[in-house]
$ cat final39.cif   # mmCIF, C-alpha atoms
data_run
loop_
_atom_site.label_atom_id
_atom_site.label_comp_id
_atom_site.auth_asym_id
_atom_site.auth_seq_id
_atom_site.Cartn_x
_atom_site.Cartn_y
_atom_site.Cartn_z
CA TYR A 1 -28.36 19.71 6.71
CA PHE A 2 -29.38 16.07 6.91
CA THR A 3 -33.07 16.98 6.57
CA PHE A 4 -32.25 19.13 3.55
CA TRP A 5 -30.33 16.25 1.99
CA LEU A 6 -33.29 13.89 2.46
CA PHE A 7 -35.68 16.33 0.80
CA TYR A 8 -33.23 16.84 -2.03
CA GLN A 9 -33.00 13.09 -2.63
CA LEU A 10 -36.81 12.84 -2.64
CA PHE A 11 -37.10 15.75 -5.09
CA TYR A 12 -34.41 14.23 -7.32
CA TYR A 13 -36.21 10.89 -7.37
CA LEU A 14 -39.62 12.42 -8.20
CA LYS A 15 -38.09 14.45 -11.00
CA ASN A 16 -35.81 11.84 -12.58
CA LYS A 17 -37.42 8.59 -11.42
CA PHE A 18 -33.94 7.41 -10.47
CA ILE A 19 -31.81 7.30 -7.36
CA ASN A 20 -28.35 5.92 -6.69
CA LEU A 21 -29.53 3.38 -4.13
CA GLY A 22 -26.07 2.28 -3.01
CA LYS A 23 -24.85 5.82 -2.34
CA PHE A 24 -28.17 6.78 -0.72
CA LEU A 25 -28.19 3.83 1.69
CA PHE A 26 -24.51 4.28 2.55
CA LEU A 27 -24.92 7.96 3.47
CA LEU A 28 -28.23 7.35 5.25
CA PHE A 29 -26.88 4.49 7.35
CA THR A 30 -23.72 6.45 8.20
CA ALA A 31 -25.76 9.46 9.34
CA ILE A 32 -28.05 7.29 11.48
CA THR A 33 -25.23 5.38 13.19
CA TRP A 34 -23.26 8.55 13.93
CA TYR A 35 -26.30 10.38 15.27
CA PHE A 36 -27.57 7.64 17.57
CA GLY A 37 -24.13 6.39 18.62
CA ILE A 38 -22.53 9.76 19.34
CA VAL A 39 -25.19 12.45 19.69
CA TYR A 40 -28.40 10.89 20.94
CA PHE A 41 -27.12 8.16 23.31
CA ASN A 42 -23.59 9.53 23.91
CA SER A 43 -22.55 6.01 24.93
CA ASP A 44 -19.31 4.15 24.17
CA ILE A 45 -21.15 0.83 23.95
CA VAL A 46 -23.82 2.16 21.57
CA PHE A 47 -21.14 3.93 19.53
CA THR A 48 -19.20 0.67 19.25
CA ALA A 49 -22.29 -1.31 18.27
CA THR A 50 -23.66 1.20 15.75
CA ASN A 51 -20.49 2.69 14.35
CA VAL A 52 -17.34 0.65 14.82
CA ILE A 53 -19.01 -2.71 14.18
CA ALA A 54 -21.19 -1.43 11.33
CA HIS A 55 -18.23 0.05 9.49
CA GLY A 56 -15.37 -2.09 10.73
CA VAL A 57 -16.85 -5.53 10.09
CA PRO A 58 -17.39 -4.97 6.32
CA TYR A 59 -13.84 -3.65 5.93
CA ILE A 60 -12.41 -6.61 7.84
CA ALA A 61 -14.52 -8.97 5.73
CA LEU A 62 -13.10 -7.46 2.53
CA ILE A 63 -9.55 -7.80 3.86
CA TRP A 64 -10.20 -11.41 4.84
CA VAL A 65 -11.55 -12.23 1.39
CA TYR A 66 -8.51 -10.66 -0.24
CA VAL A 67 -6.04 -12.45 2.04
CA TRP A 68 -7.98 -15.72 1.79
CA LYS A 69 -7.68 -15.66 -1.99
CA SER A 70 -3.98 -14.90 -1.75
CA GLY A 71 -3.49 -17.78 0.69
CA ASP A 72 -1.39 -15.76 3.17
CA SER A 73 -1.68 -17.74 6.41
CA ASP A 74 0.77 -15.41 8.22
CA TYR A 75 -1.86 -12.66 8.22
CA PHE A 76 -4.31 -14.87 10.10
CA LEU A 77 -1.62 -16.08 12.49
CA ASP A 78 -0.91 -12.44 13.36
CA LEU A 79 -4.64 -11.97 14.02
CA VAL A 80 -4.54 -14.91 16.44
CA GLU A 81 -1.85 -13.09 18.42
CA ASP A 82 -3.67 -9.75 18.28
CA THR A 83 -7.00 -11.17 19.47
CA GLY A 84 -5.18 -13.24 22.08
CA ALA A 85 -3.37 -10.18 23.45
CA TYR A 86 -6.67 -8.29 23.72
CA LEU A 87 -8.44 -11.22 25.38
CA ASP A 88 -5.58 -11.66 27.86
CA ARG A 89 -6.04 -8.03 29.00
CA LEU A 90 -9.73 -8.73 29.71
CA LEU A 91 -8.95 -11.71 31.93
CA GLU A 92 -7.29 -12.05 35.30
CA TYR A 93 -3.51 -12.40 34.92
CA SER A 94 -2.20 -15.94 34.65
CA ASP A 95 1.36 -17.23 34.38
CA GLN A 96 0.16 -20.77 33.63
CA TYR A 97 0.39 -21.71 29.94
CA ALA A 98 -0.02 -24.92 27.96
CA ILE A 99 1.18 -26.05 24.56
CA ASP A 100 -0.62 -28.43 22.22
CA SER A 101 -1.30 -29.35 18.60
CA THR A 102 -3.83 -31.28 16.57
CA ALA A 103 -4.22 -32.63 13.05
CA ILE A 104 -6.29 -30.98 10.33
CA THR A 105 -7.82 -33.72 8.18
CA THR A 106 -8.24 -33.06 4.45
CA PRO A 107 -9.62 -35.02 1.47
CA LEU A 108 -6.14 -35.06 -0.09
CA LYS A 109 -4.42 -38.43 -0.44
CA PHE A 110 -1.16 -39.83 -1.73
CA GLU A 111 0.24 -43.28 -2.45
CA THR A 112 3.33 -44.63 -0.73
CA VAL A 113 5.06 -47.99 -0.44
CA ILE A 114 5.17 -49.66 2.99
CA ASN A 115 6.69 -53.15 3.34
CA GLY A 116 6.53 -53.61 -0.42
CA LYS A 117 2.84 -52.71 -0.66
CA ILE A 118 1.27 -49.59 -2.16
CA VAL A 119 -0.70 -47.83 0.57
CA GLU A 120 -2.98 -44.82 0.23
CA GLU A 121 -2.61 -42.28 3.03
CA LYS A 122 -4.32 -38.99 3.80
CA ILE A 123 -2.43 -35.72 3.61
CA GLU A 124 -2.80 -33.96 6.95
CA PHE A 125 -1.74 -30.65 8.39
CA ARG A 126 -1.16 -29.53 11.95
CA SER A 127 -2.33 -26.62 14.08
CA HIS A 128 0.01 -25.70 16.96
CA ILE A 129 -0.87 -23.35 19.82
CA ILE A 130 0.45 -21.86 23.04
CA ALA A 131 -2.37 -20.68 25.31
CA SER A 132 -2.67 -18.98 28.68
CA LEU A 133 -4.98 -20.71 31.17
CA HIS A 134 -7.31 -18.57 33.28
CA LEU A 135 -9.03 -20.77 35.85
CA THR A 136 -10.82 -17.90 37.63
CA ASP A 137 -12.45 -16.74 34.40
CA ASN A 138 -12.88 -20.29 33.11
CA ALA A 139 -11.18 -19.23 29.90
CA VAL A 140 -8.36 -20.29 27.60
CA CYS A 141 -6.59 -17.59 25.61
CA ILE A 142 -4.59 -18.54 22.50
CA ARG A 143 -1.44 -16.40 22.52
CA LYS A 144 0.63 -18.03 19.76
CA ALA A 145 -0.31 -20.21 16.80
CA LEU A 146 1.37 -21.98 13.92
CA SER A 147 -0.09 -23.86 10.94
CA THR A 148 2.16 -26.47 9.36
CA THR A 149 2.20 -29.70 7.41
CA LYS A 150 2.01 -32.96 9.35
CA GLN A 151 5.76 -33.48 8.88
CA ILE A 152 6.53 -30.67 11.35
CA ALA A 153 6.82 -32.34 14.77
CA ASP A 154 5.21 -30.89 17.90
CA CYS A 155 8.61 -30.06 19.39
CA GLU A 156 9.67 -28.10 16.30
CA GLY A 157 6.38 -26.20 16.27
CA ALA A 158 6.97 -25.27 19.90
CA ARG A 159 10.51 -24.07 19.19
CA VAL A 160 9.32 -21.86 16.32
CA MET A 161 6.51 -20.29 18.39
CA LEU A 162 8.87 -19.53 21.29
CA ALA A 163 11.69 -18.24 19.10
CA ASP A 164 10.51 -14.61 18.86
CA GLY A 165 10.60 -14.21 22.65
CA LYS A 166 7.11 -12.73 23.00
CA ILE A 167 6.20 -15.25 25.69
CA LYS A 168 8.33 -14.90 28.82
CA ASP A 169 8.32 -15.46 32.59
CA VAL A 170 5.60 -18.13 32.66
CA THR A 171 5.20 -21.87 33.24
CA ILE A 172 4.36 -24.00 30.20
CA HIS A 173 2.75 -27.41 30.57
CA GLY A 174 3.14 -30.00 27.83
CA ASP A 175 2.89 -33.69 27.08
CA ARG A 176 5.67 -36.08 26.08
CA GLY A 177 5.77 -34.85 22.50
CA TYR A 178 7.60 -31.75 23.73
CA ASP A 179 10.19 -33.61 25.82
CA ILE A 180 13.02 -32.65 23.49
CA GLU A 181 16.20 -30.68 24.21
CA ARG A 182 15.39 -27.86 21.75
CA VAL A 183 12.10 -27.12 23.52
CA TYR A 184 13.80 -26.84 26.92
CA GLN A 185 16.46 -24.57 25.43
CA ALA A 186 13.82 -22.27 23.93
CA CYS A 187 12.02 -22.14 27.27
CA TYR A 188 15.01 -21.28 29.42
CA GLU A 189 16.19 -18.66 26.92
CA ASN A 190 12.91 -16.81 27.63
CA ASN A 191 12.83 -17.45 31.39
CA ILE A 192 10.02 -19.97 30.95
CA LYS A 193 9.67 -22.88 33.35
CA PRO A 194 8.91 -26.01 31.27
CA ASN A 195 6.66 -28.52 33.00
CA ILE A 196 6.75 -31.28 30.39
CA ARG A 197 5.98 -34.91 31.02
CA PRO A 198 9.29 -36.75 30.51
CA ARG A 199 9.78 -39.78 28.33
CA ASP A 200 11.97 -42.78 29.14
CA TYR A 201 15.32 -42.14 27.50
CA ASN A 202 18.75 -41.30 28.77
CA ILE A 203 20.14 -37.78 29.20
CA ILE A 204 22.93 -37.19 26.68
CA SER A 205 24.78 -34.60 28.77
CA TYR A 206 24.61 -33.40 32.33
CA GLU A 207 24.72 -29.85 30.90
CA SER A 208 21.44 -30.58 29.12
CA LYS A 209 18.56 -28.16 29.68
CA ARG A 210 16.29 -31.18 29.57
CA LEU A 211 17.97 -32.54 32.69
CA LEU A 212 17.08 -29.35 34.55
CA GLY A 213 13.55 -29.47 33.19
CA ILE A 214 12.72 -33.02 34.24
CA THR A 215 14.32 -32.43 37.63
CA GLU A 216 11.80 -29.63 38.27
CA TYR A 217 8.88 -31.53 36.69
CA ASN A 218 5.60 -31.45 38.67
CA ASP A 219 3.17 -34.12 37.47
CA ALA A 220 0.26 -32.95 39.63
CA SER A 221 0.54 -29.43 38.25
CA ARG A 222 0.68 -30.70 34.66
CA LYS A 223 -2.44 -32.79 35.16
CA ARG A 224 -4.24 -29.82 36.67
CA TYR A 225 -3.48 -27.40 33.84
CA ARG A 226 -2.62 -29.44 30.75
CA GLY A 227 -6.10 -30.90 30.19
CA ILE A 228 -7.76 -27.47 30.12
CA ILE A 229 -6.33 -26.70 26.71
CA GLU A 230 -8.29 -29.63 25.27
CA THR A 231 -11.37 -27.40 25.39
CA ILE A 232 -9.98 -25.74 22.26
CA PHE A 233 -9.14 -28.67 20.04
CA GLY A 234 -11.62 -31.03 21.67
CA GLY A 235 -14.48 -28.60 21.18
CA LEU A 236 -13.54 -27.90 17.61
CA THR A 237 -13.21 -31.57 16.82
CA ASN A 238 -16.64 -32.28 18.24
CA ALA A 239 -18.05 -29.60 15.97
CA GLY A 240 -16.26 -31.05 12.96
CA LEU A 241 -14.30 -27.87 12.35
CA LEU A 242 -10.91 -29.53 11.97
CA ILE A 243 -12.07 -31.55 9.00
CA THR A 244 -11.91 -29.49 5.83
CA ARG A 245 -12.70 -30.08 2.16
CA LEU A 246 -10.17 -27.47 1.07
CA LYS A 247 -7.56 -28.82 -1.32
CA LYS A 248 -4.97 -26.05 -1.67
CA ASP A 249 -2.17 -26.15 0.88
CA ALA A 250 -2.10 -22.38 1.45
CA LYS A 251 -5.82 -22.18 2.18
CA ILE A 252 -5.69 -25.17 4.53
CA LEU A 253 -2.89 -23.51 6.51
CA ALA A 254 -4.91 -20.27 6.67
CA TYR A 255 -7.99 -22.24 7.73
CA GLY A 256 -6.04 -23.70 10.66
CA ALA A 257 -5.44 -20.16 11.93
CA ILE A 258 -8.99 -18.92 11.29
CA ILE A 259 -10.59 -21.48 13.61
CA LEU A 260 -8.25 -20.30 16.37
CA ILE A 261 -9.25 -16.68 15.76
CA ARG A 262 -12.84 -17.86 16.14
CA HIS A 263 -12.05 -19.23 19.61
CA ASN A 264 -10.44 -15.97 20.77
CA LEU A 265 -13.25 -13.80 19.39
CA LEU A 266 -15.96 -15.87 21.07
CA SER A 267 -14.01 -15.73 24.34
CA ILE A 268 -13.73 -11.95 24.04
CA VAL A 269 -17.49 -11.64 23.63
CA ARG A 270 -18.13 -13.88 26.66
CA ASN A 271 -15.77 -11.86 28.87
CA MET A 272 -16.68 -8.31 27.90
CA HIS A 273 -18.24 -6.45 30.84
#
$ encode --input "final39.cif" --output "structure tokens"
Amino acid sequence: YFTFWLFYQLFYYLKNKFINLGKFLFLLFTAITWYFGIVYFNSDIVFTATNVIAHGVPYIALIWVYVWKSGDSDYFLDLVEDTGAYLDRLLEYSDQYAIDSTAITTPLKFETVINGKIVEEKIEFRSHIIASLHLTDNAVCIRKALSTTKQIADCEGARVMLADGKIKDVTIHGDRGYDIERVYQACYENNIKPNIRPRDYNIISYESKRLLGITEYNDASRKRYRGIIETIFGGLTNAGLLITRLKKDAKILAYGAIILIRHNLLSIVRNMH
């Protein structure tokens, strides 16, 4: 049938001096990828390379363009979780997690008054993550992400990411920015052991979850695991990827999620066997 179709297309072209190139290439490429991926090689890897990637990537690209124009950052944040869940299944199990955030610098500026003087300041956004740490595989897997304005504190970002209860039964390492009662409460509600570096201020109540958290704090463990997560934001900063020229808030928030998807996808490729 395929050979007949090729001869028909040749005959049609010779007779009419015209061919629908887009339709012809689409059907030809589809036939080739199906034949070599399924029939000739009969291999899952070849099928994935010639069929799933060839057809899936263009569709995903179209979806991304549509969502990018609409400025829906939640779509990309869901993709961070999906790619993170897949990557986590490829790696050796780890119950060691870390939480962190970084600023996204933009060209946007605003004027404010400080000590009676007009000062020009940059408008910044923040990218928050919770990641699992896999020392054996030398990998960091981003499991939760949140893109916000700079006004959202690290501790509030952590509370929001933990609120849905998808992360449970692990240890989370964090710096002093997360040493707030609401973070400890969110952790213990999900059977998470918080290993957060405490700050110097008094406990308000002896029923405080923070009191329990700092009592169990292990500084050596935090130092061992906490710095690993810097490979995400540190690497991106070195590449200049957290500095954007985008000016619309919605697109900047979506951009903050896209660079995290990039990390998970590259890690998936490195760890596929």
$ closest_residue --input "final39.cif" --among "A:Ala103, A:Leu77, A:Leu10, A:Ile129" --to "A:Ile142" --atoms "all atoms listed in the file"
A:Ile129
$ atom_distance --input "final39.cif" --atom1 "atom CA of A:Glu181" --atom2 "atom CA of A:Ala257"
27.0 Å
$ atom_distance --input "final39.cif" --atom1 "atom CA of A:Asp137" --atom2 "atom CA of A:Ala85"
15.7 Å
$ closest_residue --input "final39.cif" --among "A:Thr136, A:Gln185, A:Asn195, A:Ser101" --to "A:Glu230" --atoms "only C-alpha atoms"
A:Ser101
$ residues_around --input "final39.cif" --residues "A:Leu91" --least-positions-apart "5" --cutoff "10 Å" --atoms "only C-alpha atoms" --output "JSON, numbers by chain"
{"A": [86, 133, 134, 135, 136, 137, 138, 139, 140, 141, 267, 268, 271, 272]}
$ closest_residue --input "final39.cif" --among "A:Tyr178, A:Phe76, A:Tyr184, A:Tyr201" --to "A:Ile258" --atoms "all atoms listed in the file"
A:Phe76
$ atom_distance --input "final39.cif" --atom1 "atom CA of A:Val269" --atom2 "atom CA of A:Thr83"
11.3 Å
$ closest_residue --input "final39.cif" --among "A:Asp179, A:Asp44, A:Glu124, A:Glu216" --to "A:Pro198" --atoms "only C-alpha atoms"
A:Asp179
$ residues_near_point --input "final39.cif" --point "(13.9, -22.3, 32.6)" --cutoff "12 Å" --atoms "only C-alpha atoms" --output "ChimeraX atom specification"
/A:168-172,183-196,208-217
$ residues_around --input "final39.cif" --residues "A:Leu146" --least-positions-apart "2" --cutoff "10 Å" --atoms "only C-alpha atoms" --output "PyMOL selection string"
chain A and resi 73-74+76-78+80+101+126-130+144+148+157-158+160-161+253-254+256-257
$ closest_residue --input "final39.cif" --among "A:Thr50, A:Asn115, A:Asn20, A:Gln151" --to "A:Trp34" --atoms "only C-alpha atoms"
A:Thr50
$ closest_residue --input "final39.cif" --among "A:Ala153, A:Leu87, A:Val119, A:Ile104" --to "A:Asn264" --atoms "only C-alpha atoms"
A:Leu87
$ build_atoms --input "final39.cif" --residues "stretch 25-36 of chain A" --atoms "all heavy atoms" --output "mmCIF file, in the frame of the given file"
data_model
loop_
_atom_site.group_PDB
_atom_site.id
_atom_site.type_symbol
_atom_site.label_atom_id
_atom_site.label_comp_id
_atom_site.auth_asym_id
_atom_site.auth_seq_id
_atom_site.Cartn_x
_atom_site.Cartn_y
_atom_site.Cartn_z
ATOM 1 N N LEU A 25 -28.157 4.664 0.490
ATOM 2 C CA LEU A 25 -28.190 3.830 1.690
ATOM 3 C C LEU A 25 -26.914 3.990 2.515
ATOM 4 O O LEU A 25 -26.961 3.997 3.745
ATOM 5 C CB LEU A 25 -28.394 2.363 1.310
ATOM 6 C CG LEU A 25 -29.768 2.007 0.734
ATOM 7 C CD1 LEU A 25 -29.804 0.548 0.322
ATOM 8 C CD2 LEU A 25 -30.870 2.297 1.749
ATOM 9 N N PHE A 26 -25.772 4.127 1.827
ATOM 10 C CA PHE A 26 -24.510 4.280 2.550
ATOM 11 C C PHE A 26 -24.509 5.566 3.381
ATOM 12 O O PHE A 26 -24.161 5.560 4.570
ATOM 13 C CB PHE A 26 -23.347 4.302 1.553
ATOM 14 C CG PHE A 26 -22.010 4.568 2.187
ATOM 15 C CD1 PHE A 26 -21.341 3.555 2.861
ATOM 16 C CD2 PHE A 26 -21.423 5.829 2.119
ATOM 17 C CE1 PHE A 26 -20.115 3.796 3.468
ATOM 18 C CE2 PHE A 26 -20.201 6.074 2.720
ATOM 19 C CZ PHE A 26 -19.545 5.052 3.390
ATOM 20 N N LEU A 27 -24.903 6.684 2.753
ATOM 21 C CA LEU A 27 -24.920 7.960 3.470
ATOM 22 C C LEU A 27 -25.997 7.973 4.557
ATOM 23 O O LEU A 27 -25.786 8.492 5.662
ATOM 24 C CB LEU A 27 -25.153 9.097 2.485
ATOM 25 C CG LEU A 27 -23.995 9.365 1.512
ATOM 26 C CD1 LEU A 27 -24.394 10.429 0.493
ATOM 27 C CD2 LEU A 27 -22.739 9.785 2.256
ATOM 28 N N LEU A 28 -27.146 7.379 4.266
ATOM 29 C CA LEU A 28 -28.230 7.350 5.250
ATOM 30 C C LEU A 28 -27.825 6.531 6.477
ATOM 31 O O LEU A 28 -28.018 6.963 7.617
ATOM 32 C CB LEU A 28 -29.495 6.768 4.617
ATOM 33 C CG LEU A 28 -30.710 6.615 5.550
ATOM 34 C CD1 LEU A 28 -31.179 7.984 6.028
ATOM 35 C CD2 LEU A 28 -31.840 5.878 4.833
ATOM 36 N N PHE A 29 -27.259 5.353 6.240
ATOM 37 C CA PHE A 29 -26.880 4.490 7.350
ATOM 38 C C PHE A 29 -25.763 5.117 8.173
ATOM 39 O O PHE A 29 -25.754 5.043 9.408
ATOM 40 C CB PHE A 29 -26.436 3.124 6.809
ATOM 41 C CG PHE A 29 -26.221 2.098 7.877
ATOM 42 C CD1 PHE A 29 -27.286 1.613 8.614
ATOM 43 C CD2 PHE A 29 -24.947 1.623 8.164
ATOM 44 C CE1 PHE A 29 -27.093 0.671 9.608
ATOM 45 C CE2 PHE A 29 -24.746 0.685 9.156
ATOM 46 C CZ PHE A 29 -25.828 0.205 9.880
ATOM 47 N N THR A 30 -24.805 5.773 7.493
ATOM 48 C CA THR A 30 -23.720 6.450 8.200
ATOM 49 C C THR A 30 -24.257 7.558 9.101
ATOM 50 O O THR A 30 -23.865 7.691 10.268
ATOM 51 C CB THR A 30 -22.712 7.043 7.201
ATOM 52 O OG1 THR A 30 -22.149 5.989 6.417
ATOM 53 C CG2 THR A 30 -21.594 7.777 7.942
ATOM 54 N N ALA A 31 -25.178 8.365 8.568
ATOM 55 C CA ALA A 31 -25.760 9.460 9.340
ATOM 56 C C ALA A 31 -26.509 8.931 10.560
ATOM 57 O O ALA A 31 -26.403 9.480 11.659
ATOM 58 C CB ALA A 31 -26.687 10.285 8.461
ATOM 59 N N ILE A 32 -27.271 7.854 10.378
ATOM 60 C CA ILE A 32 -28.050 7.290 11.480
ATOM 61 C C ILE A 32 -27.151 6.749 12.580
ATOM 62 O O ILE A 32 -27.349 7.007 13.766
ATOM 63 C CB ILE A 32 -29.001 6.192 10.957
ATOM 64 C CG1 ILE A 32 -30.100 6.821 10.088
ATOM 65 C CG2 ILE A 32 -29.637 5.426 12.117
ATOM 66 C CD1 ILE A 32 -30.989 5.788 9.418
ATOM 67 N N THR A 33 -26.117 5.983 12.183
ATOM 68 C CA THR A 33 -25.230 5.380 13.190
ATOM 69 C C THR A 33 -24.450 6.452 13.949
ATOM 70 O O THR A 33 -24.258 6.359 15.161
ATOM 71 C CB THR A 33 -24.257 4.391 12.539
ATOM 72 O OG1 THR A 33 -23.538 5.049 11.488
ATOM 73 C CG2 THR A 33 -24.997 3.198 11.973
ATOM 74 N N TRP A 34 -23.989 7.487 13.253
ATOM 75 C CA TRP A 34 -23.260 8.550 13.930
ATOM 76 C C TRP A 34 -24.177 9.322 14.875
ATOM 77 O O TRP A 34 -23.782 9.657 15.998
ATOM 78 C CB TRP A 34 -22.651 9.514 12.894
ATOM 79 C CG TRP A 34 -21.315 9.067 12.430
ATOM 80 C CD1 TRP A 34 -21.045 8.056 11.554
ATOM 81 C CD2 TRP A 34 -20.050 9.593 12.825
ATOM 82 N NE1 TRP A 34 -19.696 7.917 11.366
ATOM 83 C CE2 TRP A 34 -19.052 8.859 12.131
ATOM 84 C CE3 TRP A 34 -19.666 10.619 13.667
ATOM 85 C CZ2 TRP A 34 -17.702 9.111 12.285
ATOM 86 C CZ3 TRP A 34 -18.306 10.887 13.812
ATOM 87 C CH2 TRP A 34 -17.340 10.129 13.132
ATOM 88 N N TYR A 35 -25.390 9.598 14.431
ATOM 89 C CA TYR A 35 -26.300 10.380 15.270
ATOM 90 C C TYR A 35 -26.664 9.629 16.542
ATOM 91 O O TYR A 35 -26.525 10.146 17.652
ATOM 92 C CB TYR A 35 -27.574 10.737 14.501
ATOM 93 C CG TYR A 35 -28.592 11.448 15.361
ATOM 94 C CD1 TYR A 35 -28.427 12.790 15.705
ATOM 95 C CD2 TYR A 35 -29.703 10.771 15.861
ATOM 96 C CE1 TYR A 35 -29.340 13.441 16.515
ATOM 97 C CE2 TYR A 35 -30.627 11.417 16.668
ATOM 98 C CZ TYR A 35 -30.443 12.750 16.996
ATOM 99 O OH TYR A 35 -31.347 13.376 17.800
ATOM 100 N N PHE A 36 -27.137 8.383 16.394
ATOM 101 C CA PHE A 36 -27.570 7.640 17.570
ATOM 102 C C PHE A 36 -26.393 7.214 18.443
ATOM 103 O O PHE A 36 -26.495 7.210 19.673
ATOM 104 C CB PHE A 36 -28.384 6.405 17.148
ATOM 105 C CG PHE A 36 -29.786 6.732 16.745
ATOM 106 C CD1 PHE A 36 -30.139 6.813 15.408
ATOM 107 C CD2 PHE A 36 -30.762 6.978 17.699
ATOM 108 C CE1 PHE A 36 -31.434 7.119 15.029
ATOM 109 C CE2 PHE A 36 -32.052 7.285 17.335
ATOM 110 C CZ PHE A 36 -32.400 7.360 15.999
#
